[in-house]
>>> print(open('entry_38.txt').read())   # compact mmCIF, C-alpha atoms
# COMPACT_ATOMS: atom_id res chain seq x y z
CA MET A 1 0.00 0.00 0.00
CA LYS A 2 1.28 3.45 -0.94
CA ILE A 3 0.52 6.22 1.52
CA LEU A 4 1.12 9.92 0.86
CA HIS A 5 2.06 12.22 3.74
CA THR A 6 1.56 15.98 3.41
CA SER A 7 0.78 18.82 5.81
CA ASP A 8 0.64 22.56 6.45
CA TRP A 9 -1.31 23.66 3.40
CA HIS A 10 -2.43 26.89 5.11
CA LEU A 11 -5.27 27.42 2.65
CA GLY A 12 -6.43 31.03 2.76
CA GLN A 13 -3.05 32.49 3.68
CA TYR A 14 -2.16 36.02 2.63
CA PHE A 15 1.56 36.69 2.29
CA MET A 16 2.42 40.37 2.66
CA MET A 17 -1.03 41.27 1.27
CA LYS A 18 -0.69 38.77 -1.59
CA THR A 19 -3.22 35.97 -1.92
CA ARG A 20 -1.92 32.39 -2.33
CA GLU A 21 -5.13 31.11 -3.95
CA ALA A 22 -3.58 30.40 -7.36
CA GLU A 23 -0.64 28.56 -5.79
CA HIS A 24 -2.85 26.40 -3.61
CA PHE A 25 -5.15 25.64 -6.53
CA ALA A 26 -2.14 24.54 -8.60
CA PHE A 27 -0.71 22.47 -5.74
CA LEU A 28 -3.94 20.58 -5.06
CA ASN A 29 -4.36 19.83 -8.77
CA TRP A 30 -0.78 18.56 -8.87
CA LEU A 31 -1.38 16.46 -5.74
CA VAL A 32 -4.36 14.70 -7.31
CA GLU A 33 -2.23 14.00 -10.39
CA VAL A 34 0.49 12.48 -8.16
CA VAL A 35 -2.09 10.28 -6.43
CA GLU A 36 -3.23 8.96 -9.80
CA LYS A 37 0.25 8.55 -11.30
CA GLU A 38 1.76 6.85 -8.24
CA GLY A 39 -1.28 4.71 -7.40
CA ILE A 40 -1.59 6.25 -3.93
CA GLU A 41 -4.18 4.42 -1.81
CA ALA A 42 -4.22 6.66 1.28
CA VAL A 43 -3.46 10.33 1.93
CA ILE A 44 -2.60 11.73 5.36
CA VAL A 45 -2.76 15.49 5.94
CA ALA A 46 -0.97 16.21 9.22
CA GLY A 47 -2.59 19.47 10.24
CA ASP A 48 -2.89 23.16 9.37
CA ILE A 49 -5.21 22.62 6.45
CA PHE A 50 -6.32 26.24 6.81
CA ASP A 51 -4.28 29.26 7.79
CA SER A 52 -6.80 30.64 10.26
CA ALA A 53 -9.76 29.60 12.37
CA SER A 54 -12.08 31.50 10.00
CA PRO A 55 -10.86 30.61 6.50
CA PRO A 56 -12.25 32.58 3.54
CA SER A 57 -14.89 30.93 1.37
CA TYR A 58 -12.47 30.30 -1.51
CA ALA A 59 -10.18 28.34 0.84
CA ARG A 60 -13.07 26.14 1.94
CA LYS A 61 -13.97 25.56 -1.70
CA LEU A 62 -10.41 24.52 -2.53
CA TYR A 63 -10.62 22.04 0.34
CA SER A 64 -13.96 20.56 -0.70
CA ASP A 65 -13.08 20.48 -4.42
CA PHE A 66 -9.90 18.54 -3.62
CA ILE A 67 -11.89 15.94 -1.69
CA VAL A 68 -14.36 15.58 -4.57
CA ARG A 69 -11.56 15.12 -7.11
CA LEU A 70 -9.85 12.57 -4.87
CA GLN A 71 -12.98 10.39 -4.98
CA LYS A 72 -12.30 9.68 -8.66
CA SER A 73 -8.69 8.66 -8.03
CA SER A 74 -6.96 5.54 -6.73
CA CYS A 75 -7.09 6.91 -3.19
CA ARG A 76 -9.45 4.99 -0.91
CA HIS A 77 -8.66 6.73 2.37
CA LEU A 78 -8.16 10.41 3.23
CA ILE A 79 -7.16 11.18 6.83
CA ILE A 80 -7.21 14.80 7.97
CA VAL A 81 -6.05 15.89 11.42
CA SER A 82 -6.19 19.43 12.73
CA GLY A 83 -3.23 21.69 13.39
CA ASN A 84 -2.81 24.66 15.69
CA HIS A 85 -4.11 27.02 12.98
CA ASP A 86 -7.26 25.00 12.35
CA SER A 87 -10.63 25.52 13.98
CA VAL A 88 -12.08 22.35 15.47
CA ALA A 89 -15.58 23.64 14.71
CA VAL A 90 -14.82 24.45 11.07
CA LEU A 91 -13.26 21.05 10.36
CA ASN A 92 -16.08 19.26 12.15
CA GLU A 93 -18.79 21.02 10.09
CA SER A 94 -18.68 18.39 7.37
CA LYS A 95 -17.15 15.52 9.36
CA ASP A 96 -20.17 13.19 9.24
CA LEU A 97 -20.80 13.84 5.56
CA LEU A 98 -17.15 13.27 4.66
CA GLN A 99 -17.11 10.02 6.60
CA MET A 100 -19.49 8.61 3.98
CA LEU A 101 -16.73 9.30 1.42
CA ASN A 102 -14.03 7.43 3.39
CA VAL A 103 -12.66 10.73 4.68
CA SER A 104 -11.70 10.68 8.36
CA VAL A 105 -11.55 14.10 10.02
CA LEU A 106 -9.93 14.23 13.46
CA ALA A 107 -10.27 17.83 14.58
CA GLY A 108 -10.17 17.43 18.35
CA LEU A 109 -9.12 14.77 20.84
CA SER A 110 -11.91 12.32 21.59
CA ASP A 111 -12.52 10.94 25.08
CA ASP A 112 -12.19 7.48 23.56
CA LEU A 113 -8.84 7.04 21.80
CA ASN A 114 -10.30 4.14 19.82
CA ASP A 115 -12.04 6.82 17.73
CA HIS A 116 -8.59 7.87 16.49
CA ILE A 117 -7.50 4.44 15.27
CA ILE A 118 -8.30 4.05 11.57
CA SER A 119 -7.91 0.88 9.54
CA LEU A 120 -6.62 1.16 5.98
CA TYR A 121 -7.75 -1.44 3.47
CA ASP A 122 -6.17 -2.47 0.18
CA GLU A 123 -7.98 -2.99 -3.13
CA ASN A 124 -9.05 -6.48 -1.99
CA LYS A 125 -10.64 -4.98 1.15
CA LYS A 126 -7.96 -6.56 3.29
CA GLU A 127 -6.78 -4.59 6.31
CA SER A 128 -3.27 -3.37 5.50
CA ALA A 129 -2.33 -0.76 8.12
CA LEU A 130 -3.52 1.06 11.22
CA VAL A 131 -3.31 4.83 11.60
CA CYS A 132 -3.33 6.44 15.04
CA ALA A 133 -4.64 9.77 13.83
CA LEU A 134 -3.95 12.27 16.59
CA PRO A 135 -4.62 15.97 15.94
CA PHE A 136 -2.82 18.91 17.50
CA LEU A 137 -2.95 18.21 21.24
CA ARG A 138 -3.96 21.31 23.13
CA ALA A 139 -2.74 21.77 26.67
CA ASN A 140 -6.23 21.36 28.13
CA ASP A 141 -6.56 18.04 26.27
CA VAL A 142 -3.70 16.35 28.07
CA MET A 143 -3.08 18.19 31.35
CA LYS A 144 -4.86 19.88 34.21
CA SER A 145 -3.82 23.34 35.31
CA GLU A 146 -2.95 23.58 39.00
CA GLN A 147 -2.68 26.84 40.87
CA GLY A 148 0.83 27.80 41.87
CA CYS A 149 2.63 25.52 39.40
CA SER A 150 5.95 26.80 38.11
CA ALA A 151 6.65 27.14 34.40
CA GLU A 152 8.98 24.15 34.62
CA ALA A 153 6.31 22.02 36.29
CA LYS A 154 3.78 22.94 33.62
CA GLN A 155 6.26 22.11 30.89
CA MET A 156 6.91 18.70 32.38
CA SER A 157 3.20 18.06 32.91
CA LEU A 158 2.41 18.92 29.28
CA GLN A 159 5.23 16.75 27.99
CA GLN A 160 4.05 13.85 30.13
CA GLY A 161 0.47 14.36 28.96
CA ILE A 162 1.47 14.19 25.28
CA GLN A 163 3.68 11.17 25.93
CA GLN A 164 0.88 9.38 27.77
CA THR A 165 -1.59 10.06 24.97
CA TYR A 166 0.73 8.54 22.37
CA SER A 167 1.56 5.59 24.64
CA SER A 168 -2.11 4.89 25.31
CA ILE A 169 -3.16 4.94 21.66
CA TYR A 170 -0.16 2.80 20.71
CA GLU A 171 -1.21 0.17 23.26
CA LEU A 172 -4.77 0.20 21.91
CA ALA A 173 -3.46 -0.22 18.37
CA GLN A 174 -1.26 -3.12 19.44
CA GLN A 175 -4.25 -4.83 21.06
CA LYS A 176 -6.13 -4.61 17.74
CA ASN A 177 -3.03 -5.73 15.88
CA ARG A 178 -2.11 -8.91 17.73
CA SER A 179 -3.18 -11.35 15.02
CA GLU A 180 -2.32 -9.33 11.90
CA SER A 181 1.06 -7.68 12.62
CA LEU A 182 0.09 -4.66 10.53
CA PRO A 183 2.27 -1.53 10.30
CA VAL A 184 1.11 1.13 12.74
CA ILE A 185 1.34 4.77 11.66
CA ALA A 186 0.88 7.80 13.89
CA THR A 187 0.23 11.45 13.14
CA GLY A 188 1.23 14.50 15.13
CA HIS A 189 1.22 18.27 14.91
CA LEU A 190 3.98 19.60 17.15
CA THR A 191 7.61 20.65 17.28
CA ALA A 192 10.05 17.81 17.87
CA VAL A 193 13.46 18.29 19.47
CA GLY A 194 16.34 18.97 17.11
CA CYS A 195 14.41 20.20 14.09
CA SER A 196 14.91 23.22 11.87
CA VAL A 197 12.25 25.92 12.23
CA SER A 198 11.49 28.63 9.66
CA GLU A 199 10.33 32.20 10.25
CA SER A 200 6.71 31.41 9.41
CA VAL A 201 6.33 28.71 12.07
CA ARG A 202 4.47 29.94 15.10
CA ASP A 203 5.29 28.56 18.57
CA ILE A 204 2.36 26.40 19.63
CA TYR A 205 3.12 25.72 23.28
CA ILE A 206 4.03 29.24 24.29
CA GLY A 207 6.08 29.31 27.48
CA THR A 208 5.28 25.71 28.40
CA LEU A 209 6.80 23.29 25.92
CA THR A 210 9.41 24.29 23.36
CA ALA A 211 9.78 20.90 21.69
CA PHE A 212 8.77 17.29 22.28
CA PRO A 213 11.59 14.73 22.58
CA SER A 214 11.24 12.18 19.79
CA ALA A 215 12.56 9.45 22.10
CA LEU A 216 9.25 9.65 23.97
CA PHE A 217 7.27 8.43 20.94
CA PRO A 218 6.33 4.73 21.14
CA ALA A 219 7.63 2.31 18.50
CA PHE A 220 5.34 3.33 15.62
CA ASP A 221 6.39 2.14 12.18
CA TYR A 222 6.03 5.66 10.77
CA ILE A 223 5.16 9.01 12.35
CA ALA A 224 3.68 11.60 9.96
CA LEU A 225 4.30 15.01 11.50
CA GLY A 226 3.07 18.48 10.69
CA HIS A 227 3.72 22.03 11.97
CA LEU A 228 7.30 22.60 10.80
CA HIS A 229 7.43 23.87 7.24
CA ARG A 230 10.75 22.34 6.22
CA ALA A 231 10.72 18.72 5.07
CA GLN A 232 13.06 16.84 7.40
CA LYS A 233 13.77 13.74 9.42
CA VAL A 234 13.56 14.00 13.21
CA GLN A 235 16.88 13.20 14.87
CA LYS A 236 17.94 11.39 11.67
CA SER A 237 15.15 8.84 12.17
CA ASN A 238 13.93 7.54 8.82
CA HIS A 239 10.46 6.77 10.23
CA ILE A 240 9.77 10.11 11.99
CA ARG A 241 9.36 12.87 9.43
CA TYR A 242 7.91 16.24 8.62
CA SER A 243 6.64 16.57 5.08
CA GLY A 244 6.78 20.35 5.38
CA SER A 245 4.50 22.90 3.72
CA PRO A 246 3.91 22.57 -0.05
CA ILE A 247 4.61 26.25 -0.74
CA ALA A 248 7.03 28.70 0.84
CA LEU A 249 5.25 30.59 3.61
CA SER A 250 8.14 32.97 4.31
CA PHE A 251 11.12 34.14 2.29
CA ASP A 252 13.58 32.06 4.32
CA GLU A 253 11.72 28.92 3.23
CA THR A 254 12.67 29.53 -0.39
CA LYS A 255 16.13 28.12 0.32
CA LYS A 256 14.78 24.59 0.74
CA GLN A 257 12.93 22.44 -1.80
CA LYS A 258 9.33 21.66 -0.84
CA LYS A 259 8.38 17.98 -0.70
CA ILE A 260 5.76 15.36 0.03
CA ASN A 261 6.52 11.89 1.39
CA ILE A 262 5.31 8.65 -0.17
CA ILE A 263 5.67 5.68 2.17
CA GLU A 264 5.42 1.94 1.56
CA PHE A 265 5.76 -1.13 3.76
CA ASP A 266 7.06 -4.53 2.61
CA THR A 267 5.55 -7.81 3.79
CA ASP A 268 7.87 -7.73 6.82
CA ASN A 269 6.80 -4.13 7.57
CA SER A 270 10.15 -2.69 6.50
CA LEU A 271 9.69 0.94 5.54
CA THR A 272 10.54 2.75 2.33
CA VAL A 273 10.13 6.54 2.14
CA ASN A 274 10.34 8.35 -1.18
CA GLU A 275 10.46 12.13 -1.12
CA MET A 276 8.84 13.83 -4.09
CA GLU A 277 9.64 17.46 -4.86
CA VAL A 278 6.73 19.87 -5.15
CA PRO A 279 6.90 22.21 -8.17
CA VAL A 280 7.34 25.93 -7.49
CA PHE A 281 4.06 27.63 -8.32
CA GLN A 282 5.20 31.17 -7.43
CA LYS A 283 8.81 32.27 -7.80
CA MET A 284 10.13 33.82 -4.57
CA LEU A 285 13.70 34.83 -3.83
CA VAL A 286 15.92 36.91 -1.59
CA ILE A 287 18.41 39.37 -3.09
CA SER A 288 21.13 40.82 -0.87
CA GLY A 289 24.07 43.19 -1.26
CA ASP A 290 24.75 46.89 -1.54
CA LEU A 291 22.59 49.08 -3.78
CA GLU A 292 24.77 48.57 -6.86
CA SER A 293 24.82 44.79 -6.45
CA VAL A 294 21.07 44.60 -5.79
CA THR A 295 20.40 46.72 -8.89
CA GLU A 296 22.50 44.39 -11.03
CA GLN A 297 20.73 41.33 -9.63
CA LEU A 298 17.30 42.83 -10.30
CA GLN A 299 18.26 43.62 -13.90
CA ALA A 300 19.54 40.06 -14.37
CA LEU A 301 16.30 38.70 -12.93
CA LYS A 302 14.26 40.80 -15.35
CA ARG A 303 16.14 39.21 -18.24
CA GLU A 304 15.65 35.70 -16.87
CA LEU A 305 11.89 35.94 -16.34
CA ASP A 306 9.85 34.81 -19.29
CA GLY A 307 6.39 36.08 -18.41
CA GLU A 308 6.80 34.55 -14.95
CA SER A 309 6.14 36.68 -11.89
CA ALA A 310 8.59 36.92 -9.00
CA TRP A 311 8.17 38.06 -5.40
CA VAL A 312 11.38 39.48 -3.97
CA GLU A 313 12.81 40.38 -0.59
CA VAL A 314 15.73 42.80 -0.76
CA LYS A 315 18.29 42.73 2.04
CA LEU A 316 20.27 45.91 1.57
CA GLN A 317 23.70 45.63 3.14
CA GLN A 318 25.68 48.84 3.21
CA ALA A 319 27.08 51.20 5.80
CA PHE A 320 24.95 54.26 5.08
CA TYR A 321 21.25 54.97 5.20
CA LEU A 322 19.17 55.73 2.09
CA SER A 323 15.88 57.48 2.74
CA ASP A 324 14.65 56.96 -0.82
CA VAL A 325 15.67 53.32 -1.20
CA HIS A 326 12.08 52.17 -1.88
CA ALA A 327 11.72 54.60 -4.77
CA LEU A 328 15.13 53.72 -6.18
CA LEU A 329 14.42 49.99 -6.17
CA SER A 330 10.88 50.41 -7.49
CA GLU A 331 12.31 52.16 -10.55
CA GLN A 332 14.45 49.09 -11.25
CA VAL A 333 11.44 46.78 -11.61
CA LEU A 334 9.17 49.00 -13.68
CA GLU A 335 7.51 47.23 -16.62
CA SER A 336 8.45 43.81 -15.24
CA GLU A 337 6.76 40.97 -13.36
CA ILE A 338 8.95 41.54 -10.32
CA GLU A 339 7.27 42.69 -7.12
CA ILE A 340 9.48 43.77 -4.23
CA LEU A 341 7.44 42.80 -1.19
CA LYS A 342 10.01 43.47 1.52
CA ILE A 343 13.08 45.66 1.94
CA SER A 344 15.24 45.32 5.02
CA SER A 345 18.37 47.27 5.76
CA PRO A 346 20.95 47.30 8.57
CA THR A 347 20.74 49.66 11.48
CA ILE A 348 23.27 52.48 11.72
CA ASN A 349 24.80 53.23 15.13
CA GLU A 350 25.94 56.60 16.49
CA ASN A 351 29.30 56.36 14.72
CA ASN A 352 27.55 55.59 11.40
CA GLN A 353 29.02 52.08 11.32
CA TYR A 354 27.41 49.11 9.65
CA GLN A 355 25.57 46.63 11.85
CA GLY A 356 24.42 43.32 10.39
CA SER A 357 21.39 42.80 12.64
CA GLU A 358 18.04 44.05 11.45
CA LYS A 359 16.15 46.72 13.30
CA SER A 360 13.38 45.45 15.55
CA THR A 361 9.98 46.58 14.37
CA LEU A 362 6.43 45.54 15.08
CA ASP A 363 6.64 43.41 11.93
CA ASN A 364 9.25 41.08 13.39
CA LEU A 365 8.28 41.16 17.09
CA THR A 366 5.91 38.62 18.57
CA PRO A 367 3.38 39.47 21.33
CA THR A 368 5.68 37.61 23.74
CA ASP A 369 8.64 39.79 22.68
CA LEU A 370 6.62 42.94 23.33
CA PHE A 371 5.41 41.68 26.69
CA GLN A 372 8.96 40.80 27.78
CA HIS A 373 10.20 44.21 26.65
CA ARG A 374 7.48 45.91 28.70
CA LEU A 375 8.27 43.71 31.71
CA GLU A 376 11.98 44.50 31.55
CA ILE A 377 11.45 48.24 31.94
CA GLU A 378 9.44 47.72 35.16
CA ASP A 379 11.68 47.75 38.23
CA SER A 380 8.99 47.20 40.85
CA TYR A 381 8.51 43.45 40.30
CA SER A 382 10.42 40.65 41.99
CA GLU A 383 11.83 37.74 39.98
CA GLN A 384 9.02 35.51 41.24
CA GLN A 385 6.40 38.04 40.13
CA ARG A 386 8.04 38.34 36.72
CA GLU A 387 7.99 34.57 36.32
CA GLN A 388 4.33 34.38 37.34
CA LEU A 389 3.34 37.21 34.97
CA THR A 390 5.26 35.58 32.11
CA MET A 391 3.49 32.28 32.74
CA LEU A 392 0.06 33.93 32.93
CA PHE A 393 0.69 35.86 29.71
CA ALA A 394 1.78 32.63 28.00
CA GLU A 395 -1.46 30.96 29.06
CA VAL A 396 -3.52 33.85 27.68
CA CYS A 397 -1.61 33.77 24.39
CA SER A 398 -2.11 30.03 24.14
CA GLU A 399 -5.85 30.31 24.77
CA VAL A 400 -6.23 33.06 22.14
CA GLU A 401 -4.07 31.18 19.64
CA HIS A 402 -5.93 27.90 20.00
CA LYS A 403 -9.46 29.19 20.49
CA SER A 404 -11.80 27.68 17.95
>>> encode(input="entry_38.txt", output="structure tokens")
Amino acid sequence: MKILHTSDWHLGQYFMMKTREAEHFAFLNWLVEVVEKEGIEAVIVAGDIFDSASPPSYARKLYSDFIVRLQKSSCRHLIIVSGNHDSVAVLNESKDLLQMLNVSVLAGLSDDLNDHIISLYDENKKESALVCALPFLRANDVMKSEQGCSAEAKQMSLQQGIQQTYSSIYELAQQKNRSESLPVIATGHLTAVGCSVSESVRDIYIGTLTAFPSALFPAFDYIALGHLHRAQKVQKSNHIRYSGSPIALSFDETKKQKKINIIEFDTDNSLTVNEMEVPVFQKMLVISGDLESVTEQLQALKRELDGESAWVEVKLQQAFYLSDVHALLSEQVLESEIEILKISSPTINENNQYQGSEKSTLDNLTPTDLFQHRLEIEDSYSEQQREQLTMLFAEVCSEVEHKS
């Protein structure tokens, strides 16, 4: 059985005021073509189907149209789990209807973990694999808040809660699997220890859990992860992987090729993972250097483009400030398909010397950064009070972030 692992579509995302609708439409069409060409029998989407809890109507239509098209393909199973960006209520709207189409939607954690164990069947209707389809695990799903707990205690409690959830569902799957010895696959939407994170990835356990140790996962045959946008193995483990997002969601993601994972198991349950590169549906690139170098690179790019559009970030690196840099660079891309969406330049200190770090603005500060900055300028709080305020603010941020 061939199983396709993808995640982090973020349908409905706007990138610096630019819609991604055309890119997502092209990706989903390409994905259906891959399913047909490769004879994929099951598709797993490991969270963040939508970019926000209230996705625009066109994003919902892309989602539903993809499901309809998949019905006419070789795929017999579609498993969708929620991510931290997804609304439980939105995904559950059509859950019962989609179940009639062999689409399993796991938006929130059920009281009965058996609800999250899905059997996959081959073309002869023989059970071929089990999927422990766990969605993004919110803190209130797996732990109880106790008054007076330190940040460290909460972090440990959350980690233990996630570990226990995976251990419990693995044991249930093994009980169902005693006679068949089927491969057991798990899903997850979290940050694992030792992985590379891009600018567009939002912390999902603010102030309580930075990353989950992969050693705490039970012995699943494959773990299909979502949340991180760069395709990668976890701690060099072939069976624990992020597929990454299908399109670049920030300029720093343009450095890495986007991928999907196609997994297969032999008769002895040995695993083969084939990574397939996702085509680039919107050219994005970063240009850096002084004004002369950037100008030359923009002119070269204009010559290279053949009716193709390009979104550009310019990192201007020179030791003096230019007040009219936006106008100067805009002139360079007139009558072309190049759009400069972001210009960053170094800060200049009192002695007018070049500094490589970028200036902090509201664009690149998180709410937590702002809160910490405000807390630092207060001299009336003790260290214990600062720690308690930080923890309370983290809880509020987490509740707002994950409210559905």
>>> atom_distance(input="entry_38.txt", atom1="atom CA of A:Phe50", atom2="atom CA of A:Leu120")
25.1 Å
>>> closest_atom_pairs(input="entry_38.txt", of="stretch 154-225 of chain A", to="stretch 5-10 of chain A", cutoff="10 Å", atoms="all atoms listed in the file", output="tab-separated table")
residue	atom	partner	partner_atom	distance
A:Thr187	CA	A:His5	CA	9.6
A:His189	CA	A:Ser7	CA	9.1
A:Ile223	CA	A:His5	CA	9.7
A:Ala224	CA	A:His5	CA	6.5
A:Leu225	CA	A:Ser7	CA	7.7
>>> closest_residue(input="entry_38.txt", among="A:Gln332, A:Phe265, A:Met276, A:Ala215", to="A:Gln297", atoms="all atoms listed in the file")
A:Gln332
>>> closest_atom_pairs(input="entry_38.txt", of="stretch 46-91 of chain A", to="stretch 138-141 of chain A", cutoff="12 Å", atoms="all atoms listed in the file", output="CSV")
residue,atom,partner,partner_atom,distance
A:Ser82,CA,A:Arg138,CA,10.8
A:Gly83,CA,A:Arg138,CA,9.8
A:Asn84,CA,A:Arg138,CA,8.2
A:His85,CA,A:Arg138,CA,11.6
A:Asp86,CA,A:Arg138,CA,11.9
A:Val88,CA,A:Arg138,CA,11.2
>>> residues_around(input="entry_38.txt", residues="A:Ser128", least_positions_apart="4", cutoff="12 Å", atoms="all atoms listed in the file", output="list in words")
Met1, Lys2, Ile3, Glu41, Ala42, His77, Ile118, Ser119, Leu120, Tyr121, Asp122, Glu123, Asn124, Asn177, Glu180, Ser181, Leu182, Pro183, Val184, Ile185, Glu264, Phe265, Asp266, Thr267 and Asn269 of chain A
>>> write_last_selection(input="entry_38.txt", atoms="C-alpha atoms", output="tab-separated table (two decimals), in the coordinates of the input")
chain	number	residue	atom	x	y	z
A	1	MET	CA	0.00	0.00	0.00
A	2	LYS	CA	1.28	3.45	-0.94
A	3	ILE	CA	0.52	6.22	1.52
A	41	GLU	CA	-4.18	4.42	-1.81
A	42	ALA	CA	-4.22	6.66	1.28
A	77	HIS	CA	-8.66	6.73	2.37
A	118	ILE	CA	-8.30	4.05	11.57
A	119	SER	CA	-7.91	0.88	9.54
A	120	LEU	CA	-6.62	1.16	5.98
A	121	TYR	CA	-7.75	-1.44	3.47
A	122	ASP	CA	-6.17	-2.47	0.18
A	123	GLU	CA	-7.98	-2.99	-3.13
A	124	ASN	CA	-9.05	-6.48	-1.99
A	177	ASN	CA	-3.03	-5.73	15.88
A	180	GLU	CA	-2.32	-9.33	11.90
A	181	SER	CA	1.06	-7.68	12.62
A	182	LEU	CA	0.09	-4.66	10.53
A	183	PRO	CA	2.27	-1.53	10.30
A	184	VAL	CA	1.11	1.13	12.74
A	185	ILE	CA	1.34	4.77	11.66
A	264	GLU	CA	5.42	1.94	1.56
A	265	PHE	CA	5.76	-1.13	3.76
A	266	ASP	CA	7.06	-4.53	2.61
A	267	THR	CA	5.55	-7.81	3.79
A	269	ASN	CA	6.80	-4.13	7.57
>>> closest_residue(input="entry_38.txt", among="A:Ile79, A:Thr272, A:Ile260, A:Cys195", to="A:Pro213", atoms="only C-alpha atoms")
A:Cys195
>>> atom_distance(input="entry_38.txt", atom1="atom CA of A:Gln163", atom2="atom CA of A:Phe217")
6.7 Å
>>> atom_distance(input="entry_38.txt", atom1="atom CA of A:Leu228", atom2="atom CA of A:Phe25")
21.6 Å
>>> closest_residue(input="entry_38.txt", among="A:Lys283, A:His227, A:Arg386, A:Lys176", to="A:Val81", atoms="all atoms listed in the file")
A:His227
>>> residues_around(input="entry_38.txt", residues="A:Val234", least_positions_apart="3", cutoff="12 Å", atoms="only C-alpha atoms", output="PDB file with C-alpha atoms, keeping the file's coordinate frame")
ATOM      1  CA  LEU A 190       3.980  19.600  17.150  1.00  0.00           C
ATOM      2  CA  THR A 191       7.610  20.650  17.280  1.00  0.00           C
ATOM      3  CA  ALA A 192      10.050  17.810  17.870  1.00  0.00           C
ATOM      4  CA  VAL A 193      13.460  18.290  19.470  1.00  0.00           C
ATOM      5  CA  GLY A 194      16.340  18.970  17.110  1.00  0.00           C
ATOM      6  CA  CYS A 195      14.410  20.200  14.090  1.00  0.00           C
ATOM      7  CA  SER A 196      14.910  23.220  11.870  1.00  0.00           C
ATOM      8  CA  ALA A 211       9.780  20.900  21.690  1.00  0.00           C
ATOM      9  CA  PHE A 212       8.770  17.290  22.280  1.00  0.00           C
ATOM     10  CA  PRO A 213      11.590  14.730  22.580  1.00  0.00           C
ATOM     11  CA  SER A 214      11.240  12.180  19.790  1.00  0.00           C
ATOM     12  CA  ALA A 215      12.560   9.450  22.100  1.00  0.00           C
ATOM     13  CA  PHE A 217       7.270   8.430  20.940  1.00  0.00           C
ATOM     14  CA  TYR A 222       6.030   5.660  10.770  1.00  0.00           C
ATOM     15  CA  ILE A 223       5.160   9.010  12.350  1.00  0.00           C
ATOM     16  CA  ALA A 224       3.680  11.600   9.960  1.00  0.00           C
ATOM     17  CA  LEU A 225       4.300  15.010  11.500  1.00  0.00           C
ATOM     18  CA  GLY A 226       3.070  18.480  10.690  1.00  0.00           C
ATOM     19  CA  LEU A 228       7.300  22.600  10.800  1.00  0.00           C
ATOM     20  CA  ARG A 230      10.750  22.340   6.220  1.00  0.00           C
ATOM     21  CA  ALA A 231      10.720  18.720   5.070  1.00  0.00           C
ATOM     22  CA  SER A 237      15.150   8.840  12.170  1.00  0.00           C
ATOM     23  CA  ASN A 238      13.930   7.540   8.820  1.00  0.00           C
ATOM     24  CA  HIS A 239      10.460   6.770  10.230  1.00  0.00           C
ATOM     25  CA  ILE A 240       9.770  10.110  11.990  1.00  0.00           C
ATOM     26  CA  ARG A 241       9.360  12.870   9.430  1.00  0.00           C
ATOM     27  CA  TYR A 242       7.910  16.240   8.620  1.00  0.00           C
ATOM     28  CA  SER A 243       6.640  16.570   5.080  1.00  0.00           C
TER      29      SER A 243
END
>>> closest_residue(input="entry_38.txt", among="A:Leu109, A:Ala248, A:Val103, A:Leu271", to="A:Val142", atoms="all atoms listed in the file")
A:Leu109
>>> closest_residue(input="entry_38.txt", among="A:Leu249, A:Lys125, A:Lys18, A:Ala173", to="A:Asp51", atoms="only C-alpha atoms")
A:Leu249
